[in-house]
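Read through the structure below, which is laid out as structure tokens, and then see the notes.
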Amino acid sequence: MKLTVCIGSSCHLKGSRQIVEQLQALITENALEDKVELVGTFCLGACQTGVSVKIDETLVSLRPEDVNTFFEKEVITKL
């Protein structure tokens, strides 16, 4: 599974750094380094919402306070 987090200026202001750090920690805590690839990218074209995150080819918007729920629902359950 590939998680791509926008680190462009708009998403950076909305918390993309915190989201990346939280996702890195969750991947490590759950020993998923060999199953989940976490990468950064610039604009994914959905700047008006939250931080843009792509799960494989599905684009979602995420807030730092929603990372744990997102990880359980969208990552853990799909692996």
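Naming scheme: A, B, ... for chains in displayed order of the structure tokens; residues 1 onward per chain; ligands 1 onward as shown.
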
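All residues of chain A that DSSP, run on the backbone, classes as alpha helix (DSSP H) are Ser9, Ser10, Cys11, His12, Leu13, Ser16, Arg17, Gln18, Ile19, Val20, Glu21, Gln22, Leu23, Gln24, Ala25, Leu26, Ile27, Thr28, Glu29, Val67, Asn68, Thr69 and Phe70 of chain A.
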
Would you list the contacts of Asp34 in chain A as a ChimeraX atom specification, taking every protein, DNA or RNA residue within 10 Å and counting only C-alpha atoms, but skipping same-chain residues closer than 6 positions in sequence? /A:1,27-28

Could those residues be written to a file, using N, CA, C and O atoms, as a PDB file, in the first residue's frame?
```pdb
ATOM      1  N   MET A   1       0.849  -1.177   0.000  1.00  0.00           N
ATOM      2  CA  MET A   1       0.000   0.000   0.000  1.00  0.00           C
ATOM      3  C   MET A   1       0.891   1.236   0.000  1.00  0.00           C
ATOM      4  O   MET A   1       1.909   1.267   0.678  1.00  0.00           O
ATOM      5  N   ILE A  27       3.126   3.422  11.388  1.00  0.00           N
ATOM      6  CA  ILE A  27       3.678   2.365  10.539  1.00  0.00           C
ATOM      7  C   ILE A  27       4.719   1.570  11.324  1.00  0.00           C
ATOM      8  O   ILE A  27       4.720   0.338  11.310  1.00  0.00           O
ATOM      9  N   THR A  28       5.583   2.266  12.047  1.00  0.00           N
ATOM     10  CA  THR A  28       6.613   1.601  12.842  1.00  0.00           C
ATOM     11  C   THR A  28       5.998   0.816  13.994  1.00  0.00           C
ATOM     12  O   THR A  28       6.354  -0.347  14.221  1.00  0.00           O
TER      13      THR A  28
END
```

So which residues of range 9-47 of chain A fall under strand (DSSP E) by DSSP, listed as a ChimeraX atom specification? /A:37-41

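Distance check against Lys78 in chain A using only C-alpha atoms: of A:Gly8, A:Ile19, A:Arg63, A:Lys2, the minimum falls on A:Lys2.
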
Find the residues near Gln22 in chain A: any atom within 10 Å, counting only C-alpha atoms, skip ones fewer than 6 places away on the same chain, and give them as a PyMOL selection string. chain A and resi 16+28+64-65+67-68+71

Can you spit out the residues from that selection as a PDB file, in the first residue's frame, using N, CA, C and O atoms?
```pdb
ATOM      1  N   SER A  16       0.458  19.089   7.367  1.00  0.00           N
ATOM      2  CA  SER A  16       1.001  17.897   6.703  1.00  0.00           C
ATOM      3  C   SER A  16       2.226  17.331   7.416  1.00  0.00           C
ATOM      4  O   SER A  16       2.403  16.115   7.457  1.00  0.00           O
ATOM      5  N   THR A  28       5.583   2.266  12.047  1.00  0.00           N
ATOM      6  CA  THR A  28       6.613   1.601  12.842  1.00  0.00           C
ATOM      7  C   THR A  28       5.998   0.816  13.994  1.00  0.00           C
ATOM      8  O   THR A  28       6.354  -0.347  14.221  1.00  0.00           O
ATOM      9  N   PRO A  64      -4.749  16.549  11.177  1.00  0.00           N
ATOM     10  CA  PRO A  64      -3.856  15.872  12.119  1.00  0.00           C
ATOM     11  C   PRO A  64      -4.601  15.117  13.227  1.00  0.00           C
ATOM     12  O   PRO A  64      -4.199  14.020  13.604  1.00  0.00           O
ATOM     13  N   GLU A  65      -5.699  15.653  13.697  1.00  0.00           N
ATOM     14  CA  GLU A  65      -6.432  15.005  14.784  1.00  0.00           C
ATOM     15  C   GLU A  65      -7.183  13.741  14.348  1.00  0.00           C
ATOM     16  O   GLU A  65      -7.680  12.988  15.182  1.00  0.00           O
ATOM     17  N   VAL A  67      -5.751  11.340  12.262  1.00  0.00           N
ATOM     18  CA  VAL A  67      -4.798  10.372  11.715  1.00  0.00           C
ATOM     19  C   VAL A  67      -5.000   8.972  12.288  1.00  0.00           C
ATOM     20  O   VAL A  67      -5.004   7.992  11.549  1.00  0.00           O
ATOM     21  N   ASN A  68      -5.169   8.837  13.597  1.00  0.00           N
ATOM     22  CA  ASN A  68      -5.303   7.508  14.193  1.00  0.00           C
ATOM     23  C   ASN A  68      -6.528   6.771  13.650  1.00  0.00           C
ATOM     24  O   ASN A  68      -6.438   5.598  13.283  1.00  0.00           O
ATOM     25  N   PHE A  71      -5.891   5.805  10.046  1.00  0.00           N
ATOM     26  CA  PHE A  71      -4.944   4.699   9.920  1.00  0.00           C
ATOM     27  C   PHE A  71      -5.628   3.366  10.200  1.00  0.00           C
ATOM     28  O   PHE A  71      -5.444   2.397   9.463  1.00  0.00           O
TER      29      PHE A  71
END
```

Please identify all polymer residues within 7 Å of Ser52 in chain A, counting only C-alpha atoms, omitting same-chain residues fewer than 2 positions from it, and present them as a list in words. Val5, Cys6, Cys11, Leu44, Ala46, Gly50, Lys54, Leu59, Val60, Ser61 and Leu62 of chain A

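Taking CA of Lys35 in chain A and CA of Leu79 in chain A as endpoints, the distance between them is 7.9 Å.
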
Kindly give the distance, in Å, that separates CA of Glu33 in chain A and CA of Leu13 in chain A, rounded to a single decimal. 27.1 Å

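Closest approach to Val75 in chain A from the set A:Gln24, A:Gly40, A:Lys14, A:Ile55 is made by A:Ile55, with distances taken over only C-alpha atoms.
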